[in-house]
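*Asks:* Sharing final14.csv (CSV, C-alpha atoms) below.
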chain,number,residue,atom,x,y,z
A,915,MET,CA,0.0,0.0,0.0
A,916,THR,CA,1.4,3.4,-0.9
A,917,MET,CA,1.2,6.2,1.5
A,918,THR,CA,-0.3,9.4,0.2
A,919,HIS,CA,1.8,12.3,1.3
A,920,GLN,CA,0.4,15.7,2.0
A,921,LYS,CA,1.8,18.1,-0.5
A,922,ILE,CA,3.4,21.4,0.5
A,923,THR,CA,4.0,24.3,-2.0
A,924,ILE,CA,6.5,27.1,-1.6
A,925,SER,CA,7.5,29.8,-4.0
A,926,THR,CA,9.5,32.9,-4.6
A,927,THR,CA,10.1,35.4,-7.4
A,928,VAL,CA,13.7,35.9,-8.2
A,929,ASN,CA,14.7,39.2,-9.9
A,930,ALA,CA,16.7,37.5,-12.6
A,931,PRO,CA,16.0,35.9,-16.0
A,932,VAL,CA,14.9,32.3,-16.3
A,933,ALA,CA,18.2,31.1,-17.8
A,934,HIS,CA,20.2,32.6,-14.9
A,935,VAL,CA,17.8,31.2,-12.3
A,936,TRP,CA,17.9,27.7,-13.8
A,937,GLN,CA,21.7,27.8,-13.9
A,938,ALA,CA,21.9,28.8,-10.2
A,939,TYR,CA,19.4,26.1,-9.2
A,940,THR,CA,21.1,23.3,-11.0
A,941,SER,CA,24.8,24.1,-10.9
A,942,PRO,CA,26.7,22.3,-8.1
A,943,ALA,CA,28.9,25.3,-7.5
A,944,ASP,CA,25.8,27.4,-6.9
A,945,ILE,CA,23.9,24.8,-4.9
A,946,MET,CA,26.8,24.8,-2.4
A,947,GLN,CA,26.2,28.5,-1.9
A,948,TRP,CA,22.5,28.4,-1.1
A,949,ASN,CA,21.3,24.9,-0.2
A,950,PHE,CA,20.8,25.3,3.6
A,951,ALA,CA,18.0,26.7,5.8
A,952,SER,CA,20.0,28.8,8.2
A,953,ASP,CA,23.4,30.5,8.5
A,954,ASP,CA,24.7,27.8,10.9
A,955,TRP,CA,24.4,25.2,8.2
A,956,CYS,CA,26.4,24.7,5.0
A,957,CYS,CA,26.4,22.5,1.9
A,958,PRO,CA,30.0,21.4,1.4
A,959,SER,CA,29.3,19.2,-1.7
A,960,ALA,CA,26.8,18.8,-4.4
A,961,GLU,CA,26.5,16.9,-7.7
A,962,THR,CA,23.9,17.0,-10.4
A,963,ASP,CA,23.5,14.8,-13.4
A,964,LEU,CA,20.8,16.8,-15.3
A,965,ARG,CA,19.0,14.0,-17.1
A,966,ILE,CA,16.1,11.7,-16.4
A,967,GLY,CA,17.4,9.0,-14.2
A,968,GLY,CA,20.4,11.1,-13.2
A,969,ALA,CA,21.5,11.6,-9.6
A,970,HIS,CA,21.2,14.7,-7.5
A,971,ARG,CA,23.2,14.7,-4.3
A,972,ALA,CA,23.9,17.3,-1.7
A,973,ARG,CA,25.7,17.1,1.6
A,974,MET,CA,24.1,19.3,4.3
A,975,GLU,CA,25.8,19.8,7.6
A,976,ALA,CA,25.9,22.0,10.6
A,977,LYS,CA,28.9,24.3,10.5
A,978,ASP,CA,30.0,23.2,14.0
A,979,GLY,CA,30.1,19.6,12.7
A,980,SER,CA,27.4,18.4,15.2
A,981,MET,CA,25.1,16.9,12.6
A,982,GLY,CA,24.7,16.4,8.9
A,983,PHE,CA,23.0,14.3,6.2
A,984,ASP,CA,23.1,13.5,2.6
A,985,PHE,CA,20.1,14.6,0.4
A,986,GLU,CA,19.9,12.1,-2.4
A,987,ALA,CA,17.4,11.9,-5.2
A,988,THR,CA,17.0,11.0,-8.9
A,989,TYR,CA,15.8,13.3,-11.6
A,990,GLU,CA,12.4,12.0,-12.8
A,991,GLU,CA,11.5,15.0,-15.0
A,992,MET,CA,14.0,17.3,-16.7
A,993,GLU,CA,12.8,20.2,-18.9
A,994,PRO,CA,15.7,22.8,-18.9
A,995,GLU,CA,14.5,26.3,-17.8
A,996,LYS,CA,11.0,25.0,-17.2
A,997,ALA,CA,10.6,22.2,-14.7
A,998,LEU,CA,12.4,19.4,-12.8
A,999,THR,CA,11.1,16.6,-10.5
A,1000,LEU,CA,13.3,14.9,-8.0
A,1001,ALA,CA,12.3,11.5,-6.6
A,1002,MET,CA,13.8,11.1,-3.1
A,1003,THR,CA,15.1,7.8,-1.8
A,1004,ASP,CA,12.2,7.5,0.6
A,1005,GLY,CA,9.7,7.7,-2.3
A,1006,ARG,CA,8.7,11.3,-1.8
A,1007,LYS,CA,8.9,13.7,-4.8
A,1008,ALA,CA,9.6,17.4,-5.2
A,1009,ARG,CA,8.7,19.2,-8.4
A,1010,THR,CA,10.1,22.7,-9.1
A,1011,THR,CA,8.9,24.9,-12.0
A,1012,PHE,CA,10.5,28.1,-13.4
A,1013,GLU,CA,8.2,30.7,-15.0
A,1014,ALA,CA,9.0,34.1,-16.5
A,1015,ALA,CA,7.3,36.7,-14.3
A,1016,GLY,CA,7.9,40.2,-15.8
A,1017,SER,CA,11.7,40.7,-15.6
A,1018,GLY,CA,12.0,38.0,-13.0
A,1019,THR,CA,11.4,34.3,-12.6
A,1020,LYS,CA,8.8,32.7,-10.4
A,1021,VAL,CA,10.2,29.5,-8.8
A,1022,THR,CA,7.6,27.1,-7.3
A,1023,THR,CA,8.4,23.8,-5.5
A,1024,THR,CA,5.7,21.4,-4.5
A,1025,PHE,CA,6.9,18.5,-2.4
A,1026,ASP,CA,5.6,15.5,-0.5
A,1027,ALA,CA,5.7,16.1,3.2
A,1028,GLU,CA,7.4,13.5,5.4
A,1029,THR,CA,5.8,12.2,8.6
A,1030,GLU,CA,8.5,13.0,11.2
A,1031,ASN,CA,8.2,16.8,11.4
A,1032,ALA,CA,5.3,19.2,11.5
A,1033,ILE,CA,4.0,20.5,8.2
A,1034,ASP,CA,4.8,24.1,9.2
A,1035,MET,CA,8.3,23.2,10.1
A,1036,GLN,CA,8.9,21.5,6.8
A,1037,ARG,CA,7.3,24.4,4.9
A,1038,ASP,CA,9.4,26.9,6.8
A,1039,GLY,CA,12.6,24.9,6.3
A,1040,TRP,CA,12.1,24.5,2.5
A,1041,GLN,CA,11.0,28.1,2.2
A,1042,ALA,CA,14.1,29.3,4.0
A,1043,ILE,CA,16.3,27.3,1.5
A,1044,LEU,CA,14.3,28.9,-1.4
A,1045,ASP,CA,14.8,32.4,0.1
A,1046,ASN,CA,18.5,31.7,0.4
A,1047,PHE,CA,18.4,30.6,-3.3
A,1048,LYS,CA,16.7,33.9,-4.2
A,1049,ALA,CA,19.2,36.0,-2.3
A,1050,HIS,CA,22.2,34.1,-3.8
A,1051,THR,CA,20.8,34.2,-7.4
A,1052,GLU,CA,20.0,37.9,-7.2
A,1053,ASN,CA,23.5,38.6,-5.8
A,1054,GLN,CA,25.1,36.6,-8.6
A,1055,SER,CA,22.9,38.3,-11.2
A,1056,MET,CA,24.0,41.8,-10.0
A,1057,LYS,CA,27.7,40.8,-10.3
A,1058,GLY,CA,26.8,40.1,-13.9
What is this file in structure tokens?
*Replies:*
Amino acid sequence: MTMTHQKITISTTVNAPVAHVWQAYTSPADIMQWNFASDDWCCPSAETDLRIGGAHRARMEAKDGSMGFDFEATYEEMEPEKALTLAMTDGRKARTTFEAAGSGTKVTTTFDAETENAIDMQRDGWQAILDNFKAHTENQSMKG
């Protein structure tokens, strides 16, 4: 029997063109700069194989070394500059879309909630990472 997960949706509008936003979202060098929910965490390594069936891996850890985990998933959908879906090792999925919105790009992620943490906590954590992504991407975009 498959468990039906509650879906959580988060989004932000990044003040940068779609091509730039896509690059920052999928490039390992960029991912290591934004893929954490708070300043006391970091993402020391990331790898992306941008094709259906390709692996997505990111190491997330507390800067003080007290804890960490590997986020691993497989790309199940890959439409450059439009959408991607990650299938996580526990069977949950996360789909992210990229849509032009004026001079910016609306980034929306809908993911299956897990059962260990409260929905609000999961939404806030993922939104914090997305907000970090927005700040990083806008920063990069201003540097040209």
*Asks:* Have a look at A:Ser959, A:Thr940, A:Thr1011, A:Ser925 and name the one nearest to A:Arg1037; count only C-alpha atoms.
*Replies:*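 Distance minimum relative to A:Arg1037 lands on A:Ser925.
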*Asks:* For atom CA of A:Ala1032 and atom CA of A:Gly979, quote the distance in Å rounded to one decimal.
*Replies:*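 Interatomic distance here is 24.8 Å.
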*Asks:* Here is a test: counting all atoms listed in the file, which residue of A:Leu1044, A:Lys1057, A:Pro942, A:Gln947 is nearest to A:Glu961?
*Replies:*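 Once distances to A:Glu961 are computed over all atoms listed in the file, the minimum belongs to A:Pro942.
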*Asks:* As a list of chain:residue names, please: the residues near A:Glu1052 (cut-off 9 Å, only C-alpha atoms, same-chain neighbours under 4 positions excluded).
*Replies:* A:Val928, A:Asn929, A:Ala930, A:Val935, A:Phe1047, A:Lys1048, A:Met1056, A:Lys1057
*Asks:* How far is it from atom CA of A:Asp1004 to atom CA of A:Asp1045, in Å with one decimal?
*Replies:*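 Interatomic distance here is 25.0 Å.
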*Asks:* Restricting the calculation to all atoms listed in the file, which member of A:Lys1007, A:His934, A:Arg973, A:His919 is positioned closest to A:Ala987?
*Replies:* A:Lys1007
*Asks:* Taking 2 positions as the minimum chain separation for residues in the same chain, which residues sit within 7 Å of A:Thr988 when counting only C-alpha atoms? Answer as number ranges by chain.
*Replies:* A: 967-970, 990, 1000-1002
*Asks:* Quick one: distance from atom CA of A:Phe983 to atom CA of A:Trp936 in Å, one decimal?
*Replies:*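 Interatomic distance here is 24.6 Å.
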*Asks:* Identify which of the residues A:Ser1017, A:Thr1024, A:Thr1003, A:Gln937 lies closest to A:Gln1036, counting all atoms listed in the file when measuring atom-to-atom distances.
*Replies:* A:Thr1024
*Asks:* Nearest to A:Gly1005: which of A:Asp1026, A:Glu993, A:Asp1038, A:Asp963 is it, counting all atoms listed in the file?
*Replies:* A:Asp1026
*Asks:* Skipping near chain neighbours, those fewer than 5 positions away, what residues fall within 9 Å of A:Thr1022 using all atoms listed in the file, listed as a list in words?
*Replies:*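 The contact residues come out as Thr923, Ile924, Ser925, Thr926, Thr927, Arg1009, Thr1010, Thr1011, Phe1012 and Glu1013 of chain A.
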*Asks:* Which polymer residues have any atom within 7 Å of an atom of A:Glu991, counting all atoms listed in the file, with same-chain residues fewer than 6 positions away left out, as a PDB file with C-alpha atoms, in the frame of the given file?
*Replies:*
ATOM      1  CA  ILE A 966      16.100  11.700 -16.400  1.00  0.00           C
ATOM      2  CA  LEU A 998      12.400  19.400 -12.800  1.00  0.00           C
ATOM      3  CA  THR A 999      11.100  16.600 -10.500  1.00  0.00           C
TER       4      THR A 999
END
*Asks:* Considering all atoms listed in the file, can you say which of A:Tyr939, A:Phe950, A:Tyr989, A:Trp955 comes closest to A:Trp1040?
*Replies:*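 Smallest separation from A:Trp1040 among the options: A:Phe950.
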*Asks:* Could you work out an axis-aligned box for stretch 968-986 of chain A, taking every atom the file lists and adding 3 Å on each side, and report centre and edge lengths in Å to one decimal, as AutoDock Vina command-line options?
*Replies:*
--center_x 25.0 --center_y 17.7 --center_z 1.0 --size_x 16.2 --size_y 19.2 --size_z 34.4
